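Report on one structure; see the data block that follows.
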Amino acid sequence: MAIEHSRAINTNNDRKMDEVTIVKYNPNWPLFFQQEADRIREVLKGDLIARIAHFGSTAVPGLAAKPIIDLLVGVRSLSEAKQLAVSRLETLGYAYWRNNPEPRRMFLVKGLPPNGPRTHHIHMVEPNSVLWERLLFRDYLCQHSDEAARYAQLKYHLALRFSGDREAYTAGKAEYVASVMEKARDDDSFKTLES
């Protein structure tokens with residue numbers, strides 16, 4: 001199954017099921033990440049995968065989030081992954097966004113209306129991708145609860161304002177994310193975590 005467009009949801013019920021919803025932190029999210037990472041490694045046997053990291057808000061203990069596990073999957077080659085990984089990940093229930101305008105990232109979603117709500121996102125990139133730097137954001141929030149609380153408030157506000165528009169919700173966070181990334185880069189005392 002392919003995601004032909006980021007707004008490939010047709011009916012009112014499907015749109016409702018795919019609304020942006022923020023929930024309080026679930027202590028099982030790290031377990032859900034690990035279970036899914038194990039499934040991904042199992043179906044993509046061999047040395048295609050270099051690394052899998054839990055990122056996004058569900059990777060920050062105590063942080064409210066959309067209940068979607070984001071997995072950052074490093075592969076040795078995106079062109080090889082397009083040939084080998086897509087059909088194998090489809091067996092786990094993922095849909096691949098073939099028309100993704102970002103050529104340096106493959107994006108796959110598990111759980112799309114009308115089959116159910118989103119549960120997992122795979123962001124597949126090569127080891128030198130700038131997306132790996134987003135782990136700074138995760139790690140900074142893990143070590144700075146005041147910043148995580150500010151981020152939670154922003155997310156609640158944006159989810160209320162843009163519940164039916166995932167792209168606007170994400171765009172609304174961009175400036176804040178960039179500012180925290182800058183703080184992380186400039187803070188000499190800040191130490192990144194192992195992913």
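Residues are referred to by chain and number: the chain letter is A, B, ... according to the order shown in the structure tokens, the number counts from 1 in that chain, and ligands are numbered separately from 1 in the order shown.
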Give me, as number ranges by chain, the residues of chain A that a backbone DSSP run labels strand (DSSP E or B).
A: 2-3, 23, 49-55, 65, 69-75, 94-97, 106-110, 120-125
Dump C-alpha atoms for the selected residues as a compact mmCIF listing (two decimals), in the first residue's frame?
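The result, stored in again37.txt:
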# COMPACT_ATOMS: atom_id res chain seq x y z
CA ALA A 2 1.35 3.43 -0.88
CA ILE A 3 0.53 6.83 0.50
CA VAL A 23 -2.25 12.71 24.99
CA ILE A 49 20.09 -1.16 8.69
CA ALA A 50 22.91 0.74 10.37
CA ARG A 51 20.93 2.12 13.31
CA ILE A 52 17.40 2.62 14.69
CA ALA A 53 16.63 5.43 17.14
CA HIS A 54 13.47 6.44 18.98
CA PHE A 55 12.84 10.10 18.35
CA ALA A 65 2.59 13.66 22.55
CA ILE A 69 6.03 6.09 17.79
CA ASP A 70 8.62 7.74 15.52
CA LEU A 71 11.50 5.54 14.45
CA LEU A 72 14.56 7.03 12.79
CA VAL A 73 16.03 4.20 10.73
CA GLY A 74 19.50 4.60 9.25
CA VAL A 75 20.15 2.50 6.16
CA TYR A 94 3.26 0.11 6.79
CA ALA A 95 2.29 2.32 3.86
CA TYR A 96 5.08 4.02 1.93
CA TRP A 97 4.73 7.65 0.82
CA MET A 106 11.71 7.62 2.97
CA PHE A 107 8.57 7.99 5.07
CA LEU A 108 6.32 5.10 6.04
CA VAL A 109 3.18 5.10 8.20
CA LYS A 110 1.64 2.23 10.13
CA HIS A 120 4.12 4.34 13.98
CA HIS A 121 6.14 6.47 11.59
CA ILE A 122 9.38 5.32 10.00
CA HIS A 123 11.74 8.05 8.84
CA MET A 124 14.34 6.16 6.81
CA VAL A 125 17.56 8.01 5.99
Quick one: residues within 9 Å of segment 175-191 of chain A, only C-alpha atoms, excluding same-chain residues fewer than 4 positions away - as a short mmCIF file (atom, residue, chain, number, x, y, z; two decimals) with N, CA and C atoms, in the first residue's frame?
data_model
loop_
_atom_site.label_atom_id
_atom_site.label_comp_id
_atom_site.auth_asym_id
_atom_site.auth_seq_id
_atom_site.Cartn_x
_atom_site.Cartn_y
_atom_site.Cartn_z
N GLU A 133 20.54 14.89 13.38
CA GLU A 133 20.76 15.99 14.32
C GLU A 133 19.53 16.25 15.18
N ARG A 134 18.34 15.84 14.72
CA ARG A 134 17.11 16.02 15.52
C ARG A 134 17.18 15.26 16.85
N LEU A 136 19.40 15.71 18.91
CA LEU A 136 19.78 16.77 19.85
C LEU A 136 18.54 17.33 20.54
N PHE A 137 17.49 17.54 19.76
CA PHE A 137 16.24 18.08 20.30
C PHE A 137 15.67 17.13 21.34
N ASP A 139 17.23 14.81 23.05
CA ASP A 139 18.11 14.71 24.21
C ASP A 139 18.06 15.97 25.08
N TYR A 140 17.94 17.13 24.44
CA TYR A 140 17.86 18.37 25.20
C TYR A 140 16.58 18.39 26.04
N LEU A 141 15.45 17.99 25.44
CA LEU A 141 14.20 17.94 26.20
C LEU A 141 14.27 16.92 27.33
N GLN A 143 16.75 16.28 29.14
CA GLN A 143 17.57 16.81 30.22
C GLN A 143 17.08 18.17 30.75
N GLU A 147 11.98 23.05 29.51
CA GLU A 147 11.83 23.18 28.06
C GLU A 147 10.80 22.19 27.53
N TYR A 151 7.31 22.98 25.50
CA TYR A 151 6.99 22.31 24.25
C TYR A 151 5.62 21.64 24.33
N LEU A 154 2.93 24.25 23.84
CA LEU A 154 2.85 24.63 22.43
C LEU A 154 2.09 23.56 21.63
N ALA A 171 4.27 22.64 10.99
CA ALA A 171 4.88 23.93 10.67
C ALA A 171 4.84 24.87 11.87
#
Under the rule that only C-alpha atoms are counted, which of A:Gly46, A:Gly164, A:Gly56, A:Gly62 is the nearest residue to Lys24 of chain A?
A:Gly62
Excluding Leu63 of chain A and residues on its chain fewer than 3 positions from it, collect all residues at most 12 Å away from it, counting only C-alpha atoms, and give them as a ChimeraX atom specification.
/A:22-27,29,56-60,66-67,138,141-156
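One finds atom CA of Trp132 of chain A at 24.6 Å from atom CA of Ser87 of chain A.
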Residue contacts of Arg104 of chain A (10 Å, only C-alpha atoms) excluding same-chain residues fewer than 5 positions away, as a PyMOL selection string:
chain A and resi 78-79+124-126+129-131
Which residues are close to Thr21 of chain A, i.e. within 12 Å by only C-alpha atoms, leaving aside same-chain residues fewer than 5 positions away? Reply as a list in words.
Lys16, Ala64, Ala65, Lys66, Pro67, Ile68, Pro117, Arg118, Lys155, Tyr156, His157, Leu158, Ala159, Leu160, Arg161, Phe162, Ser163, Gly164, Asp165, Arg166 and Tyr169 of chain A
Taking only segment 27-111 of chain A into account, list the residues labelled alpha helix (DSSP H) by DSSP (computed from the backbone), as an NGL selection string.
:A and (29-43 or 78-90)
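Straight-line separation from atom CA of Val86 of chain A to atom CA of Ile40 of chain A: 11.1 Å.
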